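**Student:** CSV, C-alpha atoms, saved as upload27.csv, coming up:
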```csv
chain,number,residue,atom,x,y,z
A,261,MET,CA,-130.8,-70.1,-117.3
A,262,PRO,CA,-129.2,-73.3,-118.6
A,263,ASP,CA,-127.6,-73.3,-122.0
A,264,ASN,CA,-128.4,-76.4,-123.8
A,265,ASN,CA,-125.5,-75.8,-126.3
A,266,ASN,CA,-123.2,-77.1,-123.6
A,267,SER,CA,-125.0,-80.4,-123.2
A,268,SER,CA,-122.8,-82.2,-125.7
A,269,THR,CA,-119.5,-80.7,-124.5
A,270,ASP,CA,-117.3,-83.0,-122.3
A,271,ASP,CA,-116.5,-82.2,-118.7
A,272,LYS,CA,-112.9,-81.2,-119.4
A,273,SER,CA,-114.0,-78.5,-121.9
A,274,LEU,CA,-116.6,-77.2,-119.5
A,275,VAL,CA,-114.1,-77.1,-116.7
A,276,ARG,CA,-111.6,-75.2,-118.8
A,277,ALA,CA,-114.4,-72.7,-119.7
A,278,ALA,CA,-115.5,-72.4,-116.1
A,279,GLN,CA,-111.9,-71.8,-115.0
A,280,LYS,CA,-111.9,-68.7,-117.3
A,281,GLY,CA,-115.1,-67.5,-115.5
A,282,ASP,CA,-117.8,-69.0,-117.8
A,283,MET,CA,-120.7,-69.3,-115.4
A,284,VAL,CA,-122.9,-71.0,-118.0
A,285,ALA,CA,-120.3,-73.8,-118.4
A,286,PHE,CA,-120.2,-74.2,-114.6
A,287,GLU,CA,-123.9,-74.4,-114.4
A,288,GLU,CA,-123.8,-77.3,-116.9
A,289,LEU,CA,-121.3,-79.1,-114.7
A,290,VAL,CA,-123.6,-78.6,-111.7
A,291,ALA,CA,-126.5,-80.0,-113.7
A,292,ARG,CA,-124.5,-83.1,-114.7
A,293,HIS,CA,-123.2,-84.0,-111.3
A,294,ARG,CA,-125.7,-82.6,-108.9
A,295,ASP,CA,-127.5,-85.9,-108.2
A,296,LYS,CA,-124.3,-87.7,-107.4
A,297,ILE,CA,-123.1,-84.9,-105.2
A,298,TYR,CA,-126.4,-84.7,-103.4
A,299,ALA,CA,-126.6,-88.5,-103.1
A,300,ARG,CA,-123.2,-88.6,-101.4
A,301,ALA,CA,-124.1,-85.8,-99.0
A,302,TYR,CA,-127.4,-87.6,-98.2
A,303,SER,CA,-125.8,-90.9,-97.6
A,304,MET,CA,-123.5,-89.4,-95.1
A,305,MET,CA,-125.9,-87.0,-93.4
A,306,ARG,CA,-129.2,-88.8,-93.6
A,307,ASN,CA,-131.0,-85.5,-93.7
A,308,GLU,CA,-132.5,-84.1,-96.9
A,309,GLU,CA,-132.2,-80.4,-96.1
A,310,GLU,CA,-128.7,-80.7,-94.7
A,311,ALA,CA,-127.6,-82.7,-97.8
A,312,ILE,CA,-129.0,-80.0,-100.1
A,313,ASP,CA,-127.3,-77.2,-98.2
A,314,LEU,CA,-124.0,-79.1,-98.1
A,315,SER,CA,-124.1,-80.1,-101.7
A,316,GLN,CA,-124.7,-76.4,-102.7
A,317,GLU,CA,-121.9,-75.3,-100.5
A,318,ALA,CA,-119.7,-77.8,-102.2
A,319,TRP,CA,-120.5,-76.2,-105.6
A,320,VAL,CA,-119.7,-72.8,-104.3
A,321,LYS,CA,-116.4,-74.0,-102.9
A,322,ALA,CA,-115.7,-75.7,-106.3
A,323,TRP,CA,-116.2,-72.5,-108.1
A,324,GLN,CA,-113.8,-70.7,-105.8
A,325,ARG,CA,-111.2,-73.4,-106.1
A,326,LEU,CA,-111.7,-74.2,-109.7
A,327,LYS,CA,-108.3,-72.9,-110.8
A,328,GLN,CA,-106.7,-75.4,-108.5
A,329,PHE,CA,-108.3,-78.3,-110.3
A,330,GLN,CA,-105.6,-79.7,-112.6
A,331,GLY,CA,-107.5,-82.7,-113.9
A,332,GLU,CA,-105.5,-85.4,-112.0
A,333,SER,CA,-108.8,-87.1,-111.3
A,334,SER,CA,-112.2,-86.7,-113.0
A,335,PHE,CA,-114.2,-83.6,-112.2
A,336,GLY,CA,-116.8,-85.8,-110.6
A,337,THR,CA,-114.3,-87.4,-108.3
A,338,TRP,CA,-112.9,-84.0,-107.4
A,339,MET,CA,-116.3,-82.7,-106.6
A,340,THR,CA,-117.2,-85.8,-104.6
A,341,ARG,CA,-114.2,-85.3,-102.4
A,342,ILE,CA,-115.2,-81.7,-101.7
A,343,VAL,CA,-118.6,-82.7,-100.6
A,344,ILE,CA,-117.3,-85.6,-98.5
A,345,ASN,CA,-114.9,-83.2,-96.7
A,346,LEU,CA,-117.8,-80.7,-96.0
A,347,CYS,CA,-119.9,-83.6,-94.7
A,348,LEU,CA,-117.1,-84.7,-92.4
A,349,ASP,CA,-116.7,-81.2,-91.1
A,350,GLN,CA,-120.4,-81.1,-90.4
A,351,LEU,CA,-120.4,-84.5,-88.7
A,352,ARG,CA,-117.5,-83.3,-86.5
A,353,ARG,CA,-119.6,-80.3,-85.5
A,354,HIS,CA,-122.4,-82.6,-84.7
A,355,LYS,CA,-120.1,-84.7,-82.6
A,356,ARG,CA,-118.9,-81.7,-80.7
A,357,GLN,CA,-122.5,-80.7,-80.0
A,358,ARG,CA,-123.3,-84.0,-78.3
A,359,ALA,CA,-121.3,-86.6,-76.4
A,360,GLU,CA,-120.7,-89.8,-78.3
A,361,SER,CA,-119.8,-91.8,-75.3
A,362,ILE,CA,-122.0,-94.8,-76.3
A,363,GLU,CA,-120.4,-95.0,-79.7
A,364,ALA,CA,-116.9,-94.8,-78.2
A,365,MET,CA,-117.8,-97.5,-75.8
A,366,ASP,CA,-119.1,-99.7,-78.6
A,367,GLU,CA,-115.9,-99.3,-80.5
A,368,GLU,CA,-113.7,-100.1,-77.5
A,369,SER,CA,-115.6,-103.2,-76.5
A,370,GLY,CA,-116.1,-104.5,-80.0
A,371,GLY,CA,-119.8,-103.6,-80.1
A,372,VAL,CA,-122.8,-105.8,-79.8
A,373,GLU,CA,-122.6,-106.5,-83.6
A,374,ARG,CA,-119.6,-108.7,-83.1
A,375,GLN,CA,-121.5,-111.2,-81.0
A,376,MET,CA,-124.6,-111.4,-83.2
A,377,PRO,CA,-125.3,-114.6,-85.1
A,378,VAL,CA,-124.4,-114.6,-88.8
A,379,VAL,CA,-127.4,-113.9,-91.1
A,380,THR,CA,-127.3,-116.9,-93.3
A,381,VAL,CA,-130.1,-116.1,-95.7
A,382,ASN,CA,-129.7,-113.1,-98.0
A,383,PRO,CA,-132.4,-110.8,-96.6
A,384,THR,CA,-132.6,-108.7,-99.7
A,385,GLU,CA,-132.8,-111.5,-102.2
A,386,ARG,CA,-136.5,-111.3,-103.2
A,387,LEU,CA,-137.0,-107.6,-102.6
A,388,GLU,CA,-138.0,-105.2,-105.4
A,389,ARG,CA,-135.5,-102.4,-106.1
A,390,VAL,CA,-137.6,-99.7,-104.6
A,391,GLU,CA,-138.3,-101.6,-101.5
A,392,LEU,CA,-134.7,-102.6,-101.1
A,393,ARG,CA,-133.7,-99.0,-101.4
A,394,GLN,CA,-136.2,-98.0,-98.7
A,395,ARG,CA,-134.9,-100.7,-96.4
A,396,ILE,CA,-131.3,-99.8,-96.9
A,397,ASP,CA,-132.2,-96.2,-96.3
A,398,GLN,CA,-133.7,-97.1,-92.9
A,399,ALA,CA,-130.9,-99.3,-92.0
A,400,LEU,CA,-128.3,-96.7,-92.9
A,401,SER,CA,-130.1,-94.2,-90.7
A,402,GLN,CA,-129.7,-96.5,-87.7
A,403,LEU,CA,-126.0,-96.7,-87.9
A,404,SER,CA,-123.8,-94.4,-85.9
A,405,GLU,CA,-122.2,-91.5,-87.9
A,406,ALA,CA,-118.7,-93.0,-87.6
A,407,HIS,CA,-119.8,-96.4,-88.8
A,408,ARG,CA,-122.0,-95.1,-91.6
A,409,THR,CA,-119.2,-92.8,-92.8
A,410,ALA,CA,-116.7,-95.7,-93.0
A,411,LEU,CA,-119.3,-97.8,-94.9
A,412,VAL,CA,-120.2,-94.9,-97.3
A,413,LEU,CA,-116.6,-94.1,-98.1
A,414,HIS,CA,-115.8,-97.8,-98.8
A,415,GLU,CA,-118.9,-99.0,-100.5
A,416,PHE,CA,-120.0,-95.9,-102.4
A,417,GLU,CA,-116.7,-93.9,-102.8
A,418,GLY,CA,-114.6,-97.1,-103.3
A,419,MET,CA,-111.9,-95.9,-101.0
A,420,GLU,CA,-109.3,-98.3,-99.6
A,421,TYR,CA,-108.9,-98.8,-95.9
A,422,LYS,CA,-105.8,-96.5,-95.7
A,423,GLU,CA,-107.5,-93.8,-97.7
A,424,ILE,CA,-110.5,-93.9,-95.4
A,425,ALA,CA,-108.2,-93.8,-92.4
A,426,ARG,CA,-106.6,-90.6,-93.8
A,427,THR,CA,-109.9,-89.0,-94.5
A,428,MET,CA,-111.5,-89.9,-91.2
A,429,GLU,CA,-108.3,-89.1,-89.3
A,430,CYS,CA,-108.1,-92.5,-87.5
A,431,SER,CA,-106.1,-95.7,-87.8
A,432,ILE,CA,-106.6,-98.4,-90.4
A,433,GLY,CA,-107.5,-100.8,-87.5
A,434,THR,CA,-110.3,-98.4,-86.5
A,435,VAL,CA,-111.5,-98.2,-90.1
A,436,MET,CA,-111.7,-102.0,-90.3
A,437,SER,CA,-113.6,-102.3,-87.0
A,438,ARG,CA,-116.0,-99.6,-88.0
A,439,LEU,CA,-116.6,-101.1,-91.4
A,440,PHE,CA,-117.1,-104.5,-89.9
A,441,TYR,CA,-119.6,-103.4,-87.3
A,442,ALA,CA,-121.4,-101.3,-89.8
A,443,ARG,CA,-121.8,-104.3,-92.2
A,444,ARG,CA,-122.9,-106.6,-89.5
A,445,LYS,CA,-125.4,-104.2,-88.2
A,446,MET,CA,-126.7,-103.6,-91.7
A,447,ALA,CA,-127.1,-107.3,-92.2
A,448,VAL,CA,-129.0,-107.7,-89.0
A,449,LEU,CA,-131.2,-104.6,-89.6
A,450,LEU,CA,-132.0,-105.8,-93.1
A,451,SER,CA,-132.8,-109.2,-91.8
A,452,ASP,CA,-135.1,-107.7,-89.0
A,453,LEU,CA,-136.9,-105.5,-91.5
A,454,LYS,CA,-137.8,-108.5,-93.5
A,455,LYS,CA,-139.6,-110.3,-90.6
A,456,PRO,CA,-143.0,-108.5,-90.8
A,457,GLN,CA,-143.5,-109.7,-94.4
B,153,MET,CA,-114.8,-116.4,-83.7
B,154,LYS,CA,-112.0,-114.0,-82.8
B,155,GLN,CA,-112.1,-110.4,-83.8
B,156,GLU,CA,-108.8,-110.8,-85.6
B,157,LEU,CA,-110.2,-113.5,-87.8
B,158,GLN,CA,-113.4,-111.6,-88.5
B,159,LEU,CA,-111.4,-108.6,-89.7
B,160,LYS,CA,-109.2,-110.8,-91.8
B,161,LEU,CA,-112.3,-112.3,-93.5
B,162,GLN,CA,-113.6,-108.8,-94.2
B,163,ALA,CA,-110.3,-107.8,-95.7
B,164,TYR,CA,-110.4,-110.9,-97.8
B,165,VAL,CA,-113.9,-109.9,-99.1
B,166,ASP,CA,-112.6,-106.4,-99.8
B,167,GLY,CA,-109.6,-107.7,-101.6
B,168,GLU,CA,-107.2,-106.0,-99.1
B,169,LEU,CA,-105.6,-109.1,-97.8
B,170,PRO,CA,-102.0,-110.0,-99.0
B,171,ASP,CA,-101.8,-113.0,-101.2
B,172,HIS,CA,-100.3,-115.4,-98.7
B,173,GLU,CA,-103.0,-114.6,-96.1
B,174,ALA,CA,-105.7,-114.8,-98.8
B,175,GLY,CA,-104.5,-118.4,-99.4
B,176,GLU,CA,-105.0,-119.2,-95.7
B,177,VAL,CA,-108.5,-117.8,-95.8
B,178,SER,CA,-109.4,-119.8,-98.9
B,179,GLU,CA,-108.3,-123.0,-97.0
B,180,LEU,CA,-110.4,-121.9,-94.0
B,181,LEU,CA,-113.4,-121.3,-96.2
B,182,ALA,CA,-113.3,-124.9,-97.4
B,183,GLN,CA,-113.1,-126.3,-93.9
B,184,ASP,CA,-115.2,-124.0,-91.6
B,185,THR,CA,-118.9,-123.4,-92.1
B,186,GLU,CA,-118.9,-120.5,-89.6
B,187,VAL,CA,-116.2,-118.7,-91.7
B,188,ARG,CA,-118.2,-119.4,-94.9
B,189,GLY,CA,-121.4,-118.0,-93.2
B,190,LEU,CA,-119.7,-114.8,-92.2
B,191,VAL,CA,-118.0,-114.3,-95.6
B,192,SER,CA,-121.3,-114.9,-97.3
B,193,GLU,CA,-123.1,-112.3,-95.1
B,194,LEU,CA,-120.4,-109.7,-95.8
B,195,LYS,CA,-120.7,-110.3,-99.5
B,196,ASN,CA,-124.5,-110.1,-99.4
B,197,THR,CA,-124.4,-106.8,-97.6
B,198,ARG,CA,-121.9,-105.4,-100.1
B,199,ALA,CA,-124.2,-106.6,-102.9
B,200,ALA,CA,-127.3,-105.0,-101.3
B,201,LEU,CA,-125.5,-101.7,-101.1
B,202,ALA,CA,-124.2,-101.7,-104.7
B,203,GLY,CA,-125.9,-99.1,-106.8
B,204,PHE,CA,-127.9,-97.7,-103.8
B,205,GLU,CA,-126.8,-94.2,-104.4
B,206,ALA,CA,-127.6,-94.2,-108.1
B,207,ASP,CA,-131.3,-94.2,-107.1
B,208,ILE,CA,-131.0,-91.1,-104.9
B,209,LYS,CA,-132.2,-88.0,-106.8
B,210,LEU,CA,-131.9,-84.4,-105.8
B,211,PRO,CA,-135.4,-83.3,-104.7
B,212,GLU,CA,-135.1,-79.8,-106.3
B,213,ASN,CA,-135.3,-78.8,-109.9
B,214,ARG,CA,-132.3,-77.6,-111.9
B,215,GLU,CA,-133.1,-73.9,-111.9
B,216,PHE,CA,-134.1,-73.6,-108.3
B,217,TYR,CA,-131.0,-75.6,-107.1
B,218,TRP,CA,-128.7,-73.5,-109.3
B,219,SER,CA,-130.2,-70.2,-108.3
B,220,LYS,CA,-129.0,-70.5,-104.7
B,221,ILE,CA,-125.5,-71.6,-105.9
B,222,GLU,CA,-125.3,-68.7,-108.3
B,223,ARG,CA,-126.5,-66.2,-105.6
B,224,GLU,CA,-123.8,-67.5,-103.2
B,225,ILE,CA,-121.1,-67.2,-105.8
B,226,GLN,CA,-122.2,-63.6,-106.7
B,227,ARG,CA,-122.4,-62.7,-103.1
B,228,PHE,CA,-118.9,-64.0,-102.5
B,229,GLU,CA,-117.5,-62.2,-105.5
B,230,LYS,CA,-119.1,-58.9,-104.5
B,231,ALA,CA,-117.7,-59.3,-101.0
B,232,GLU,CA,-114.2,-60.0,-102.4
B,233,THR,CA,-114.4,-56.8,-104.5
B,234,ALA,CA,-115.6,-54.8,-101.6
B,235,VAL,CA,-113.0,-56.1,-99.3
B,236,SER,CA,-110.0,-55.2,-101.6
B,237,PRO,CA,-109.9,-51.3,-101.0
B,238,VAL,CA,-110.4,-51.9,-97.3
B,239,SER,CA,-107.5,-54.3,-97.4
B,240,ILE,CA,-105.1,-51.6,-98.7
B,241,PHE,CA,-106.3,-49.3,-96.0
B,242,ALA,CA,-106.0,-52.0,-93.4
B,243,ALA,CA,-102.5,-52.8,-94.7
B,244,TRP,CA,-101.5,-49.1,-94.3
B,245,ARG,CA,-103.0,-49.0,-90.9
B,246,ARG,CA,-101.2,-52.2,-89.9
B,247,PHE,CA,-97.9,-50.5,-91.0
B,248,LEU,CA,-98.7,-47.0,-89.5
B,249,ILE,CA,-99.8,-48.0,-86.1
B,250,PRO,CA,-96.5,-49.8,-85.1
B,251,ALA,CA,-94.5,-47.2,-87.0
B,252,SER,CA,-96.1,-44.4,-84.9
B,253,ALA,CA,-95.6,-46.4,-81.8
B,254,ILE,CA,-92.0,-46.9,-82.5
B,255,ALA,CA,-91.5,-43.2,-83.4
B,256,ALA,CA,-93.2,-42.1,-80.2
B,257,LEU,CA,-91.0,-44.5,-78.2
B,258,VAL,CA,-87.8,-43.2,-79.9
B,259,MET,CA,-88.9,-39.6,-79.2
B,260,GLY,CA,-89.6,-40.4,-75.6
B,261,VAL,CA,-86.2,-42.1,-75.2
B,262,LEU,CA,-84.4,-39.1,-76.8
B,263,MET,CA,-86.2,-36.7,-74.6
B,264,VAL,CA,-85.4,-38.6,-71.5
B,265,GLY,CA,-81.9,-39.1,-72.6
B,266,ARG,CA,-81.5,-35.4,-73.2
B,267,GLN,CA,-83.0,-34.6,-69.8
B,268,VAL,CA,-80.6,-37.1,-68.1
B,269,GLY,CA,-77.7,-35.7,-70.2
B,270,HIS,CA,-78.3,-32.2,-68.9
B,271,GLU,CA,-78.4,-33.4,-65.3
B,272,GLY,CA,-75.8,-36.1,-65.5
B,273,ALA,CA,-72.0,-35.9,-65.5
B,274,HIS,CA,-71.5,-36.9,-69.1
B,275,ARG,CA,-72.8,-33.9,-70.9
B,276,GLY,CA,-71.9,-33.0,-74.4
B,277,PRO,CA,-70.0,-29.8,-75.2
B,278,GLU,CA,-71.8,-26.5,-74.7
B,279,THR,CA,-71.0,-22.8,-75.4
B,280,GLU,CA,-72.2,-20.0,-73.3
B,281,THR,CA,-71.6,-16.3,-72.9
B,282,THR,CA,-70.3,-15.9,-69.4
B,283,PHE,CA,-70.8,-12.2,-69.2
B,284,ALA,CA,-73.2,-10.7,-71.6
B,285,ASP,CA,-71.7,-7.3,-71.6
B,286,SER,CA,-68.0,-8.2,-71.5
B,287,GLY,CA,-67.9,-10.2,-74.8
B,288,ALA,CA,-66.4,-13.3,-73.0
B,289,PHE,CA,-67.4,-16.8,-74.3
B,290,THR,CA,-66.9,-20.1,-72.5
B,291,TYR,CA,-66.7,-23.5,-74.3
B,292,ARG,CA,-67.1,-26.6,-72.1
B,293,ASP,CA,-66.6,-30.1,-73.2
B,294,TYR,CA,-67.7,-32.3,-70.2
B,295,ALA,CA,-66.6,-35.5,-71.9
B,296,SER,CA,-63.0,-34.5,-72.1
B,297,GLY,CA,-63.1,-32.2,-69.1
B,298,MET,CA,-62.0,-29.2,-71.2
B,299,THR,CA,-63.1,-25.6,-70.6
B,300,LEU,CA,-62.1,-22.8,-73.0
B,301,VAL,CA,-62.8,-19.2,-72.4
B,302,TRP,CA,-62.1,-16.5,-74.9
B,303,LEU,CA,-62.7,-12.8,-75.0
B,304,SER,CA,-63.4,-10.8,-78.1
B,305,TYR,CA,-60.9,-8.0,-78.3
B,306,PRO,CA,-61.6,-5.2,-78.5
B,307,ALA,CA,-64.8,-5.8,-76.6
B,308,GLU,CA,-67.8,-5.4,-78.9
B,309,ASN,CA,-69.3,-2.6,-76.7
B,310,ASP,CA,-66.0,-0.7,-76.6
B,311,LEU,CA,-65.7,-0.9,-80.4
B,312,LEU,CA,-69.1,0.5,-80.8
B,313,GLU,CA,-68.4,3.3,-78.4
B,314,THR,CA,-65.1,4.2,-80.2
B,315,ASN,CA,-66.5,3.8,-83.8
B,316,PRO,CA,-70.2,4.7,-83.7
B,317,GLY,CA,-70.3,4.4,-87.5
B,318,ASN,CA,-70.1,0.7,-87.2
B,319,ARG,CA,-73.7,0.6,-85.9
B,320,LEU,CA,-75.9,-1.1,-88.3
B,321,ASP,CA,-79.0,0.8,-87.4
```
Give the structure from this file in structure tokens form.

**Tutor:**
Amino acid sequence: MPDNNNSSTDDKSLVRAAQKGDMVAFEELVARHRDKIYARAYSMMRNEEEAIDLSQEAWVKAWQRLKQFQGESSFGTWMTRIVINLCLDQLRRHKRQRAESIEAMDEESGGVERQMPVVTVNPTERLERVELRQRIDQALSQLSEAHRTALVLHEFEGMEYKEIARTMECSIGTVMSRLFYARRKMAVLLSDLKKPQ
Amino acid sequence: MKQELQLKLQAYVDGELPDHEAGEVSELLAQDTEVRGLVSELKNTRAALAGFEADIKLPENREFYWSKIEREIQRFEKAETAVSPVSIFAAWRRFLIPASAIAALVMGVLMVGRQVGHEGAHRGPETETTFADSGAFTYRDYASGMTLVWLSYPAENDLLETNPGNRLD
């Protein structure tokens, strides 16, 4: 059961306690960061059940590796990197399970997004926050895994091109291409979604 | 628009373009409507995505979500504890199996060597009683080609016959 006495303690103290085996302190850390960790997994996987499983797996891994955490970054950042790596592993498994020949072709040829006309009007301008969220949600689901991952790592994780390249094990040029096509497709999808209104 | 320029414009929007190239893009932006349009679209998409994740909430309550994590941690720790004694045994087994194999191999080589040694020309020295009743002994060293025969004098049997008191029984 959660211990409310920990609610005012900062992350660093909780981490120190958890490193000594204090499970209650660790549970408090989970409670504080669980939404962010789940959100990152969900953004990458687009599947609620898979995102819950991977985020929980990330917490178990974090407990096992807690002694390795030296505090170079914030605990939240450290946790986010664990869940990102787990999601990337899972996406690689997905990729092995099915041929991604179409995606590979798209990347080689520059993709259809490159030729699409520029969306001049901001399609999300007048949308309410909830509606905007739903539309972005749908649009993200329509991106390929590689394009979505590049977008999530850049826009949500704030990674630079070279860091994304290292994480995704590809060149900076590939990252730039993936990011560009992902954004162009998002713009078009958000624009298309607005039309029925 | 060329792909190279498109990616350069994107890098400009992301703040990843070196200063001198950023200056070039700024000039282009002032002159080219197509460039302006694409930069505007890229910025709009970035703006639309900003804060998107903050609205995503875990669809499970705190206790339920934690219970599975806790269970997994406990399961892992139990497994770790259970694995430790087996590991020592396994370590011994890992040592003993090759050690036994090496010992068996050495024994085999020695036995074969001995067999060959008995049959071959390079035999080690040996001693034998040539005539059991005569008290004559032969020493042969095959390596040096030496044979030494000696006789016990007086012969043991003769001595017993002449001095029966020397019998032990």

**Student:** Using 10 Å as the limit and counting all atoms listed in the file, can you tabulate each residue of chain B that touches chain A, with its shortest atom-to-atom distance in Å and the two atoms involved, as JSON lines?

**Tutor:**
```
{"residue": "B:Met153", "atom": "CA", "partner": "A:Gln375", "partner_atom": "CA", "distance": 8.9}
{"residue": "B:Lys154", "atom": "CA", "partner": "A:Arg374", "partner_atom": "CA", "distance": 9.3}
{"residue": "B:Gln155", "atom": "CA", "partner": "A:Arg374", "partner_atom": "CA", "distance": 7.7}
{"residue": "B:Glu156", "atom": "CA", "partner": "A:Ser437", "partner_atom": "CA", "distance": 9.9}
{"residue": "B:Gln158", "atom": "CA", "partner": "A:Phe440", "partner_atom": "CA", "distance": 8.1}
{"residue": "B:Leu159", "atom": "CA", "partner": "A:Met436", "partner_atom": "CA", "distance": 6.6}
{"residue": "B:Lys160", "atom": "CA", "partner": "A:Met436", "partner_atom": "CA", "distance": 9.3}
{"residue": "B:Leu161", "atom": "CA", "partner": "A:Phe440", "partner_atom": "CA", "distance": 9.8}
{"residue": "B:Gln162", "atom": "CA", "partner": "A:Phe440", "partner_atom": "CA", "distance": 7.0}
{"residue": "B:Ala163", "atom": "CA", "partner": "A:Met436", "partner_atom": "CA", "distance": 8.0}
{"residue": "B:Asp166", "atom": "CA", "partner": "A:Glu420", "partner_atom": "CA", "distance": 8.7}
{"residue": "B:Gly167", "atom": "CA", "partner": "A:Glu420", "partner_atom": "CA", "distance": 9.6}
{"residue": "B:Glu168", "atom": "CA", "partner": "A:Glu420", "partner_atom": "CA", "distance": 8.0}
{"residue": "B:Glu186", "atom": "CA", "partner": "A:Val378", "partner_atom": "CA", "distance": 8.1}
{"residue": "B:Val187", "atom": "CA", "partner": "A:Val378", "partner_atom": "CA", "distance": 9.6}
{"residue": "B:Arg188", "atom": "CA", "partner": "A:Thr380", "partner_atom": "CA", "distance": 9.6}
{"residue": "B:Gly189", "atom": "CA", "partner": "A:Thr380", "partner_atom": "CA", "distance": 6.0}
{"residue": "B:Leu190", "atom": "CA", "partner": "A:Val378", "partner_atom": "CA", "distance": 5.8}
{"residue": "B:Val191", "atom": "CA", "partner": "A:Val378", "partner_atom": "CA", "distance": 9.3}
{"residue": "B:Ser192", "atom": "CA", "partner": "A:Thr380", "partner_atom": "CA", "distance": 7.5}
{"residue": "B:Glu193", "atom": "CA", "partner": "A:Val379", "partner_atom": "CA", "distance": 6.1}
{"residue": "B:Leu194", "atom": "CA", "partner": "A:Arg443", "partner_atom": "CA", "distance": 6.6}
{"residue": "B:Lys195", "atom": "CA", "partner": "A:Arg443", "partner_atom": "CA", "distance": 9.5}
{"residue": "B:Asn196", "atom": "CA", "partner": "A:Asn382", "partner_atom": "CA", "distance": 6.2}
{"residue": "B:Thr197", "atom": "CA", "partner": "A:Ala447", "partner_atom": "CA", "distance": 6.1}
{"residue": "B:Arg198", "atom": "CA", "partner": "A:Glu415", "partner_atom": "CA", "distance": 7.1}
{"residue": "B:Ala199", "atom": "CA", "partner": "A:Thr384", "partner_atom": "CA", "distance": 9.2}
{"residue": "B:Ala200", "atom": "CA", "partner": "A:Thr384", "partner_atom": "CA", "distance": 6.7}
{"residue": "B:Leu201", "atom": "CA", "partner": "A:Glu415", "partner_atom": "CA", "distance": 7.2}
{"residue": "B:Ala202", "atom": "CA", "partner": "A:Glu415", "partner_atom": "CA", "distance": 7.3}
{"residue": "B:Gly203", "atom": "CA", "partner": "A:Phe416", "partner_atom": "CA", "distance": 8.0}
{"residue": "B:Phe204", "atom": "CA", "partner": "A:Arg393", "partner_atom": "CA", "distance": 6.4}
{"residue": "B:Glu205", "atom": "CA", "partner": "A:Ala299", "partner_atom": "CA", "distance": 5.8}
{"residue": "B:Ala206", "atom": "CA", "partner": "A:Lys296", "partner_atom": "CA", "distance": 7.3}
{"residue": "B:Asp207", "atom": "CA", "partner": "A:Arg393", "partner_atom": "CA", "distance": 7.8}
{"residue": "B:Ile208", "atom": "CA", "partner": "A:Ala299", "partner_atom": "CA", "distance": 5.4}
{"residue": "B:Lys209", "atom": "CA", "partner": "A:Asp295", "partner_atom": "CA", "distance": 5.3}
{"residue": "B:Leu210", "atom": "CA", "partner": "A:Asp295", "partner_atom": "CA", "distance": 5.2}
{"residue": "B:Pro211", "atom": "CA", "partner": "A:Glu308", "partner_atom": "CA", "distance": 8.4}
{"residue": "B:Glu212", "atom": "CA", "partner": "A:Ile312", "partner_atom": "CA", "distance": 8.7}
{"residue": "B:Asn213", "atom": "CA", "partner": "A:Ala291", "partner_atom": "CA", "distance": 9.7}
{"residue": "B:Arg214", "atom": "CA", "partner": "A:Ala291", "partner_atom": "CA", "distance": 6.5}
{"residue": "B:Glu215", "atom": "CA", "partner": "A:Met261", "partner_atom": "CA", "distance": 7.0}
{"residue": "B:Tyr217", "atom": "CA", "partner": "A:Gln316", "partner_atom": "CA", "distance": 7.7}
{"residue": "B:Trp218", "atom": "CA", "partner": "A:Glu287", "partner_atom": "CA", "distance": 7.1}
{"residue": "B:Ser219", "atom": "CA", "partner": "A:Met261", "partner_atom": "CA", "distance": 9.0}
{"residue": "B:Lys220", "atom": "CA", "partner": "A:Gln316", "partner_atom": "CA", "distance": 7.6}
{"residue": "B:Ile221", "atom": "CA", "partner": "A:Gln316", "partner_atom": "CA", "distance": 5.8}
{"residue": "B:Glu222", "atom": "CA", "partner": "A:Val320", "partner_atom": "CA", "distance": 8.0}
{"residue": "B:Arg223", "atom": "CA", "partner": "A:Val320", "partner_atom": "CA", "distance": 9.6}
{"residue": "B:Glu224", "atom": "CA", "partner": "A:Val320", "partner_atom": "CA", "distance": 6.8}
{"residue": "B:Ile225", "atom": "CA", "partner": "A:Val320", "partner_atom": "CA", "distance": 6.0}
{"residue": "B:Gln226", "atom": "CA", "partner": "A:Val320", "partner_atom": "CA", "distance": 9.8}
{"residue": "B:Phe228", "atom": "CA", "partner": "A:Val320", "partner_atom": "CA", "distance": 9.0}
{"residue": "B:Glu229", "atom": "CA", "partner": "A:Gln324", "partner_atom": "CA", "distance": 9.3}
```

**Student:** So, counting only C-alpha atoms, which residue among A:Thr337, A:Thr269, A:Gln328, A:Ser451 is closest to A:Arg395?

**Tutor:** A:Ser451

**Student:** Residues at most 12 Å from A:Lys272, counting all atoms listed in the file, excluding those fewer than 6 positions away in the same chain, as a VMD selection string?

**Tutor:** chain A and resid 266 278 to 279 285 to 286 288 to 289 329 to 336

**Student:** Using Å and a single decimal, report how far atom CA of A:Leu403 sits from atom CA of A:Ala442.

**Tutor:**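 Calculated distance between atom CA of A:Ala442 and atom CA of A:Leu403 is 6.8 Å.
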
**Student:** What is the distance between atom CA of B:Glu179 and atom CA of B:Leu157, in Å to one decimal?

**Tutor:** 13.4 Å

**Student:** Closest to A:Ala301 among A:Ala406, A:Met376, A:Val343, A:Ala277, using all atoms listed in the file?

**Tutor:** A:Val343

**Student:** So what do you get for atom CA of A:Leu351 versus atom CA of A:Leu449, distance-wise?

**Tutor:**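 Atom CA of A:Leu449 lies at a distance of 22.8 Å from atom CA of A:Leu351.
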
**Student:** Applying 10 Å and all atoms listed in the file, which residues near A:Lys280 remain after dropping the ones on its own chain fewer than 5 positions away? List them as a list of chain:residue names.

**Tutor:** A:Leu274, A:Val275, A:Ala285, A:Leu326, A:Lys327
